[in-house]
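A.B. asks: Shown below is the structure under consideration.
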Amino acid sequence: MVNPLTVPSSPAAPGRPSEFDTTKARKQSTLILRRFFRHRLAVGSLIVFLLIVSFGFLGPLFWTISVDDTSSRGYLPPSADHPLGTIQTGKDMLAQLIRGTRLSVQIALVVAFGSTFVGVVLGALGGYLRGLTDTLIGRFTDLMLILPQIAVAAILVRGLDGSWYTVALILAAFGWMSVARITRGETLSLSEREFIEAARASGAGTRWVIFRHLIPNMIGSITVNATLAVATAVLAEAALSFIGLGVRSPDTSLGLIISENYSQITSRPWLFWGPFVVIVLLSLAVNFIGDGLRDAFDPRQTKVRA
Amino acid sequence: MFRYIIRRLLVSIPMLAIGSFLTFLMVSASGNPIAELRAKPGVNEATIRTLEDELGFNKPILIRYWDWIVDFVQGDWGRSIALGAARAEVFPEVSRALWVTARLVIGAEILAILLGVTVGVLAAVKQYSIFDYLATSTAFLMFSMPIFCVAVILKNYGIKFNNVLESLGMDRWLSTVSPAAGGFQGSFGEQVFKYTGTYLLPTLSLMLISFAAYSRFQRASMLETLHSDYVRTAKAKGISQRRVIFRHAFRNAMIPVTTLFSLNAAALLAGAIVTETVFGWKGMGALLVQSVRSFDTPMLMGWLMVTATLVVVFNLVADMMYGFLDPRIRLG
Amino acid sequence: MTYPTITDTVLAVENLSVTFPTDDGDVRAVRDVSYTLRPREVLGIVGESGSGKSVSSMAIMGLLPGNAKVTGSIRFRDRELVGQSYKQLQSVRNNGIAMIFQDPMTSLNPVFTIGWQLSEAYRAHHSVSKKAAWAKAVEALELVGIPQPDRRASQYPHEFSGGMRQRVVIAMAIINDPDVIIADEPTTALDVTVQAQILETLLRIRDETSAAIVMITHDLGVVAGMVDRVQVMYGGTVVESAPVDGLFEHPRMPYTVGLLGSLPNPATLGKRLTPIKGAPPSLINLPTGCAFSPRCPLAIDACRETEPPLAPADGRDHFTRCHRWQHLASLRRPQALFEHDEIGTVENPAALTAVDHDMPVAEDLAVVEERMSQEGPNS
């Protein structure tokens with residue numbers, strides 16, 4: 001579902017310290033970090049996120065039952081040997097969950113990074129160069145938006161393979177559009193500012209202006225959007241895998257695990273609630289981090305002029 | 001404004017055409033449906049051969065696309081790539097599936113907007129109150145839950161609820177399966193009973209997350225307008241607080257929310273697909289899954305073209321609403 | 001400091017203080033501000049951003065955020081306004097006291113026509129038909145000098161230019177024939193030529209309706225041409241109060257002297273501009289003693305210890321909040337105080353002579369203001 005946390009209500013905040021002042025910029029990053037760490041919820045979520053990531057990546061070091069070990073009977077209830085029971089084929093659920101978490105996180109990170117990168121570059125190019133480039137990029141964006149992401153991704157994944165990076169790349173290829181739109185809007189308003197004119201007057205080329213002037217000034221919203229994109233990616237991949245058209249074995253993902261086990265919710269609820277808790281905590285944590293980042297970059301204060 | 005709509009429609013047509021070409025390439029390139037059919041056990045090779053010829057799979061892809069689009073715009077959407085009785089005609093099949101899904105989506109979205117906007121306005125007006133914190137936390141929670149999880153949980157509790165009803169001697173109310181094809185039979189009361197029972201859980205699943213989105217967005221938008229200069233002017237005019245909130249702030253706060261409406265189209269579709277899977281409804285979701293599995297080109301093309309057109313229309317409607325609400329857009 | 005009450009006083013502000021509690025401490029935005037207004041009187045309130053000038057007028061209208069603590073007295077005719085609820089203040093707003101805000105581009109609701117917004121302002125206080133209210137709206141537009149008012153009333157704010165929009169805002173303020181008009185920097189966002197027209201419109205309205213006007217501004221040029229009386233605000237309080245001629249000719253507070261010298265006005269024509277060094281004080285951590293003492297070239301220990309009271313300086317109606325106003329009055333060229341690089345803490349004989357330093361000459365007001373606000377609390 002569309003996450004309105006990704007849709008900003010206003011463009012770049014006015015009143016930022018001078019863009020040319022590099023000493024102020026250094027101070028600004030410490031200021032931003034300090035503001036972020038004042039947000040207890042965001043910091044707590046960061047910890048939760050890191051815990052989940054460790055769970056996925058470092059889990060196998062501690063929980064040594066192999067993912068493919070089918071020595072136990074199927075559908076065992078939770079016990080000391082199998083804290084989350086076993087699935088139908090006798091494989092340990094906890095091991096599956098660890099692996100699923102790791103792959104879901106990997107996919108989400110790739111999707112977020114990829115879509116943000118493509119979206120920012122295209123949006124900045126269009127917003128800065130305007131004219132034909134902007135129209136072409138705009139039309140291309142519109143075209144991509146017409147095709148529903150989930151359907152297109154399903155078709156391509158079916159045609160290629162269900163490995164995690166294929167799914168990730170495909171989702172990224174069809175998920176950059178809203179970032180591009182937002183970036184374009186911000187670039188348009190930033191381009192009105194004099195420091196861009198000044199840069200061009202001193203002979204800066206397009207690539208220089210975009211990468212050294214525009215993007216550093218949008219770094220706040222880019223970071224926030226990228227973070228929130230992780231959350232949407234987790235959910236998008238989960239949905240795709242849930243209907244069976246996403247990640248397939250030998251790979252797995254949180255969505256796939258839920259899809260394979262949700263019918264057991266009444267008789268063996270632990271098989272559902274385990275992955276459910278992980279996926280919800282993951283998205284919640286990322287959403288709160290994104291919210292905290294947004295406040296850190298652009299604290300909203302009620303204005304009272306003296 | 002009128003010219004704007006016409007212009008948008010005219011631009012959409014070539015866009016849909018290009019889109020259709022790209023999707024055709026994509027669908028055709030993704031796999032060979034004939035091979036899939038061959039792989040099925042007990043299939044007559046000769047039947048497959050005739051099917052192959054009929055569908056012209058030996059021709060180059062551009063020709064196949066051309067054949068398809070020429071037929072398509074004339075209303076012949078072809079038939080599913082299957083054998084015997086499974087060869088449904090694309091157009092009726094897609095229409096049927098669309099109707100099933102539409103009833104779910106429209107109801108859910110209307111509810112989501114009504115409730116979401118109301119909660120958003122209240123949360124903004126009573127900022128930092130308990131209501132606000134509750135609404136905000138609920139929204140955050142909703143965003144972090146995959147729709148299918150919500151659907152699964154609701155289905156689970158629906159069954160449990162039904163069990164309670166049954167143990168009390170009443171009929172099972174909440175249905176967790178698809179609405180019957182022929183509609184609901186019985187007296188008016190019975191029909192209402194069955195209707196709400198069938199639609200409640202899926203609609204709720206689809207609606208909850210959308211509602212959270214609208215409420216958050218409306219709240220943010222409302223807060224911004226409440227702190228705007230023109231609301232300050234309105235207060236300074238000596239009009240009542242109620243009027244300030246509803247006439248001045250709310251009216252302006254609605255404008256950005258329409259952008260959410262247009263962004264929601266794709267998300268709604270994805271949500272509907274997933275919800276249908278959980279509740280076993282035979283709508284667009286089931287059709288998609290089935291067609292993708294068998295590389296059913298004509299069916300997929302029909303499916304994609306319908307959804308693409310709907311997205312275009314959806315966006316146009318949102319734009320018109322935007323223009324209606326904001327005279328700056330209307331008059332330029 | 002209490003002003004003598006005069007029977008036809010329309011607005012009497014006495015010891016008004018506004019404090020905002022924040023996480024970092026209490027922001028004392030307005031401290032002990034008093035003034036009275038009689039009909040047809042134009043009072044100018046001058047100060048930089050952070051001086052408290054806007055907050056004090058918002059307090060009069062009751063438009064401050066909910067957490068603001070307002071003490072003191074604001075009497076409109078015989079009615080005490082401090083402590084009244086939103087509902088109670090509704091009858092006064094735009095009816096007895098009207099307010100004009102700074103930015104005409106954002107002050108008007110973009111989704112309603114001008115006529116609709118003006119009618120609403122009228123119908124808020126008079127129960128008449130929509131038609132009658134619309135007629136009144138057109139009449140108000142005419143009063144402020146908008147051509148073709150009947151046609152333009154059906155238009156939206158974005159179809160008006162900045163100057164026209166400000167006229168509309170003025171029309172909205174006068175439609176109920178208020179006794180007091182508070183204009184909060186009404187011309188700051190406008191071009192200089194349009195500025196003059198707006199000010200002329202306001203004066204004309206004053207002539208025709210006998211309303212009193214409070215003109216809040218940082219622009220001494222506006223003040224010189226328009227007001228009867230000036231109150232200079234600094235650090236949240238009034239530091240000098242005098243008839244306009246008296247203020248310009250005999251400023252009795254070093255801040256005023258600095259202000260006169262640092263902004264382009266007819267008095268500084270041809271001379272170098274001399275900005276006041278330093279920054280306005282933080283309203284959370286106000287210095288003990290006089291708020292201006294850190295930047296004052298005449299400050300002595302007494303200044304830093306006790307805040308001076310607003311006391312009469314020579315001349316009728318001339319008040320100053322300065323321990324050293326008599327010394328200031330004795331200087332031949334008080335402007336020279338600010339022309340020295342070093343801010344002297346004791347009397348500096350060199351200040352009496354014209355010292356030639358490498359001071360920048362600003363081309364226009366905007367650049368100087370930029371500088372003054374850049375050396376703000378952020379550093």
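Letters for chains follow the order of the structure tokens (A, B, ...), residue numbers begin at 1 for each chain, and ligand numbers begin at 1 in the order shown.
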Write out as a PyMOL selection string all residues of stretch 179-283 of chain C that backbone DSSP assigns to strand (DSSP E).
C.D. replies: chain C and resi 180-184+212-217+229-234+237-243
A.B. asks: Would you output that residue set with N, CA and C atoms, as a PDB file, in the first residue's frame?
C.D. replies:
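Output contents, as saved in part_21.pdb:
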```pdb
ATOM      1  N   VAL C 180      -9.724  50.197  15.328  1.00  0.00           N
ATOM      2  CA  VAL C 180      -8.270  50.072  15.327  1.00  0.00           C
ATOM      3  C   VAL C 180      -7.869  49.163  14.174  1.00  0.00           C
ATOM      4  N   ILE C 181      -6.868  49.575  13.428  1.00  0.00           N
ATOM      5  CA  ILE C 181      -6.304  48.715  12.389  1.00  0.00           C
ATOM      6  C   ILE C 181      -4.851  48.453  12.744  1.00  0.00           C
ATOM      7  N   ILE C 182      -4.507  47.171  12.915  1.00  0.00           N
ATOM      8  CA  ILE C 182      -3.111  46.835  13.186  1.00  0.00           C
ATOM      9  C   ILE C 182      -2.508  46.310  11.884  1.00  0.00           C
ATOM     10  N   ALA C 183      -1.508  47.002  11.405  1.00  0.00           N
ATOM     11  CA  ALA C 183      -0.879  46.593  10.150  1.00  0.00           C
ATOM     12  C   ALA C 183       0.510  46.045  10.466  1.00  0.00           C
ATOM     13  N   ASP C 184       0.654  44.721  10.318  1.00  0.00           N
ATOM     14  CA  ASP C 184       1.922  44.074  10.649  1.00  0.00           C
ATOM     15  C   ASP C 184       2.783  43.982   9.395  1.00  0.00           C
ATOM     16  N   ALA C 212      -7.886  54.268  14.283  1.00  0.00           N
ATOM     17  CA  ALA C 212      -6.503  54.404  14.736  1.00  0.00           C
ATOM     18  C   ALA C 212      -5.693  53.308  14.061  1.00  0.00           C
ATOM     19  N   ILE C 213      -4.441  53.593  13.783  1.00  0.00           N
ATOM     20  CA  ILE C 213      -3.626  52.586  13.083  1.00  0.00           C
ATOM     21  C   ILE C 213      -2.377  52.292  13.896  1.00  0.00           C
ATOM     22  N   VAL C 214      -2.079  51.010  14.018  1.00  0.00           N
ATOM     23  CA  VAL C 214      -0.793  50.600  14.572  1.00  0.00           C
ATOM     24  C   VAL C 214       0.023  50.063  13.413  1.00  0.00           C
ATOM     25  N   MET C 215       1.127  50.718  13.121  1.00  0.00           N
ATOM     26  CA  MET C 215       1.945  50.316  11.975  1.00  0.00           C
ATOM     27  C   MET C 215       3.211  49.637  12.490  1.00  0.00           C
ATOM     28  N   ILE C 216       3.285  48.350  12.284  1.00  0.00           N
ATOM     29  CA  ILE C 216       4.457  47.604  12.742  1.00  0.00           C
ATOM     30  C   ILE C 216       5.413  47.465  11.579  1.00  0.00           C
ATOM     31  N   THR C 217       6.653  47.818  11.779  1.00  0.00           N
ATOM     32  CA  THR C 217       7.586  47.762  10.665  1.00  0.00           C
ATOM     33  C   THR C 217       9.012  47.773  11.161  1.00  0.00           C
ATOM     34  N   ARG C 229       3.477  58.797  16.102  1.00  0.00           N
ATOM     35  CA  ARG C 229       4.256  58.468  17.275  1.00  0.00           C
ATOM     36  C   ARG C 229       4.986  57.169  17.027  1.00  0.00           C
ATOM     37  N   VAL C 230       6.190  57.048  17.595  1.00  0.00           N
ATOM     38  CA  VAL C 230       6.977  55.832  17.369  1.00  0.00           C
ATOM     39  C   VAL C 230       7.309  55.154  18.687  1.00  0.00           C
ATOM     40  N   GLN C 231       7.213  53.810  18.671  1.00  0.00           N
ATOM     41  CA  GLN C 231       7.718  53.030  19.803  1.00  0.00           C
ATOM     42  C   GLN C 231       8.795  52.124  19.246  1.00  0.00           C
ATOM     43  N   VAL C 232       9.988  52.218  19.790  1.00  0.00           N
ATOM     44  CA  VAL C 232      11.065  51.348  19.337  1.00  0.00           C
ATOM     45  C   VAL C 232      11.143  50.155  20.278  1.00  0.00           C
ATOM     46  N   MET C 233      11.138  48.961  19.692  1.00  0.00           N
ATOM     47  CA  MET C 233      11.191  47.757  20.526  1.00  0.00           C
ATOM     48  C   MET C 233      12.507  47.034  20.331  1.00  0.00           C
ATOM     49  N   TYR C 234      13.009  46.515  21.432  1.00  0.00           N
ATOM     50  CA  TYR C 234      14.240  45.738  21.377  1.00  0.00           C
ATOM     51  C   TYR C 234      14.190  44.695  22.484  1.00  0.00           C
ATOM     52  N   THR C 237      10.894  44.401  24.567  1.00  0.00           N
ATOM     53  CA  THR C 237      10.266  45.487  25.304  1.00  0.00           C
ATOM     54  C   THR C 237      10.456  46.815  24.580  1.00  0.00           C
ATOM     55  N   VAL C 238       9.734  47.825  25.061  1.00  0.00           N
ATOM     56  CA  VAL C 238       9.835  49.150  24.452  1.00  0.00           C
ATOM     57  C   VAL C 238      11.065  49.837  25.022  1.00  0.00           C
ATOM     58  N   VAL C 239      11.958  50.305  24.153  1.00  0.00           N
ATOM     59  CA  VAL C 239      13.149  50.995  24.644  1.00  0.00           C
ATOM     60  C   VAL C 239      13.100  52.501  24.408  1.00  0.00           C
ATOM     61  N   GLU C 240      12.255  52.936  23.508  1.00  0.00           N
ATOM     62  CA  GLU C 240      12.078  54.373  23.345  1.00  0.00           C
ATOM     63  C   GLU C 240      10.711  54.636  22.765  1.00  0.00           C
ATOM     64  N   SER C 241      10.103  55.707  23.222  1.00  0.00           N
ATOM     65  CA  SER C 241       8.756  56.037  22.749  1.00  0.00           C
ATOM     66  C   SER C 241       8.676  57.542  22.621  1.00  0.00           C
ATOM     67  N   ALA C 242       8.360  58.049  21.422  1.00  0.00           N
ATOM     68  CA  ALA C 242       8.375  59.496  21.221  1.00  0.00           C
ATOM     69  C   ALA C 242       7.537  59.875  20.014  1.00  0.00           C
ATOM     70  N   PRO C 243       7.140  61.151  19.914  1.00  0.00           N
ATOM     71  CA  PRO C 243       6.539  61.620  18.674  1.00  0.00           C
ATOM     72  C   PRO C 243       7.569  61.465  17.560  1.00  0.00           C
TER      73      PRO C 243
END
```
A.B. asks: Tell me the residues of chain B close to chain C, meaning within 10 Å using only C-alpha atoms, as a list in words.
C.D. replies: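 Putting it all together, I get His227, Ser228, Asp229, Tyr230, Val231, Arg232, Thr233, Ala234, Lys235, Ala236, Lys237, Gly238, Ile239, Ser240, Gln241, Arg247, His248, Ala249, Arg251, Asn252, Phe324, Leu325, Asp326, Pro327, Arg328, Leu331 and Gly332 of chain B.
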A.B. asks: Hey, list the chain C side of the contact with chain A: 9 Å cut-off, only C-alpha atoms, answer as an NGL selection string.
C.D. replies: :C and (29-30 or 48-56 or 64-65 or 236 or 378)
A.B. asks: Would you compute the distance between atom CA of A:Ser29 and atom CA of A:Gly205? Give it in Å to one decimal.
C.D. replies: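 Between these atoms lies a distance of 26.8 Å.
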A.B. asks: DSSP on the backbone, helix (DSSP H, G or I) only: what residues of stretch 52-161 of chain A does that give? Format it as a PyMOL selection string.
C.D. replies: chain A and resi 52-62+93-129+131-146+149-159
A.B. asks: Find the residues of chain B in contact range of chain A, meaning any atom within 7 Å when counting only C-alpha atoms, and list them as a ChimeraX atom specification.
C.D. replies: /B:15,19,27,30-31,140-141,143-146,156,209-210,213,217,264,266-268,270,274,277,292,308,311-312
A.B. asks: Mind writing the picked residues with C-alpha atoms as a tab-separated table (two decimals), in the first residue's frame?
C.D. replies:
```tsv
chain	number	residue	atom	x	y	z
B	15	MET	CA	0.96	5.56	-24.21
B	19	GLY	CA	2.60	-0.07	-23.23
B	27	VAL	CA	4.93	-11.68	-21.89
B	30	SER	CA	8.99	-14.70	-20.56
B	31	GLY	CA	8.08	-18.17	-21.62
B	140	PHE	CA	2.08	3.06	11.69
B	141	LEU	CA	1.16	-0.47	12.63
B	143	PHE	CA	1.67	0.29	7.22
B	144	SER	CA	4.01	-2.26	8.55
B	145	MET	CA	1.61	-5.13	8.12
B	146	PRO	CA	1.43	-6.87	4.78
B	156	ASN	CA	-8.66	-16.78	11.25
B	209	ILE	CA	-4.20	-0.10	5.20
B	210	SER	CA	-5.67	2.32	2.72
B	213	ALA	CA	-2.70	6.02	4.58
B	217	PHE	CA	-2.00	12.07	4.90
B	264	ASN	CA	-3.27	4.46	-4.60
B	266	ALA	CA	-1.58	0.37	-8.21
B	267	ALA	CA	-1.43	-0.36	-4.51
B	268	LEU	CA	-5.15	-1.09	-4.39
B	270	ALA	CA	-1.91	-5.32	-5.53
B	274	VAL	CA	-3.47	-10.66	-2.46
B	277	THR	CA	-5.87	-15.15	-2.85
B	292	VAL	CA	1.18	-16.06	-15.44
B	308	ALA	CA	-3.59	-0.14	-17.58
B	311	VAL	CA	-5.05	3.23	-14.04
B	312	VAL	CA	-5.19	5.91	-16.73
```
A.B. asks: What lies within 12 Å of C:Glu208 using only C-alpha atoms, ignoring chain neighbours under 6 positions off, as a list in words?
C.D. replies: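 Answer for this query is Pro39, Arg40, Leu143, Val144, Ile174, Asp177, Pro178, Asp179, Thr201 and Leu202 of chain C.
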A.B. asks: Limited to C-alpha atoms, could you put the picked residues into a file as a short mmCIF file (atom, residue, chain, number, x, y, z; two decimals), in the first residue's frame?
C.D. replies:
```
data_model
loop_
_atom_site.label_atom_id
_atom_site.label_comp_id
_atom_site.auth_asym_id
_atom_site.auth_seq_id
_atom_site.Cartn_x
_atom_site.Cartn_y
_atom_site.Cartn_z
CA PRO C 39 -8.88 57.73 17.24
CA ARG C 40 -7.06 58.87 14.08
CA LEU C 143 -12.73 52.07 -1.10
CA VAL C 144 -9.26 50.63 -1.34
CA ILE C 174 -12.02 47.79 6.94
CA ASP C 177 -15.44 49.81 10.00
CA PRO C 178 -13.04 48.96 12.80
CA ASP C 179 -11.80 51.43 15.38
CA THR C 201 -4.40 54.00 0.97
CA LEU C 202 -4.09 53.34 4.69
#
```
A.B. asks: Please indicate the distance in Å from atom CA of C:Gly44 to atom CA of C:Asp191, rounded to one decimal place.
C.D. replies: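 About the pair atom CA of C:Gly44 and atom CA of C:Asp191: they are 20.3 Å apart.
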A.B. asks: Considering only C-alpha atoms, return as a list in words whatever protein or nucleic-acid residues lie within 8 Å of B:Leu115, sequence-local ones (same chain, fewer than 4 positions apart) excluded.
C.D. replies: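 Surrounding residues, per the criterion: Leu111, Val119, Phe211 and Ser215 of chain B.
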A.B. asks: Please produce an output containing C-alpha atoms for each residue in the selection, written as a short mmCIF file (atom, residue, chain, number, x, y, z; two decimals), in the first residue's frame.
C.D. replies:
```
data_model
loop_
_atom_site.label_atom_id
_atom_site.label_comp_id
_atom_site.auth_asym_id
_atom_site.auth_seq_id
_atom_site.Cartn_x
_atom_site.Cartn_y
_atom_site.Cartn_z
CA LEU B 111 -14.88 3.31 3.21
CA VAL B 119 -9.91 10.38 11.47
CA PHE B 211 -7.54 3.96 5.57
CA SER B 215 -5.73 9.32 7.76
#
```
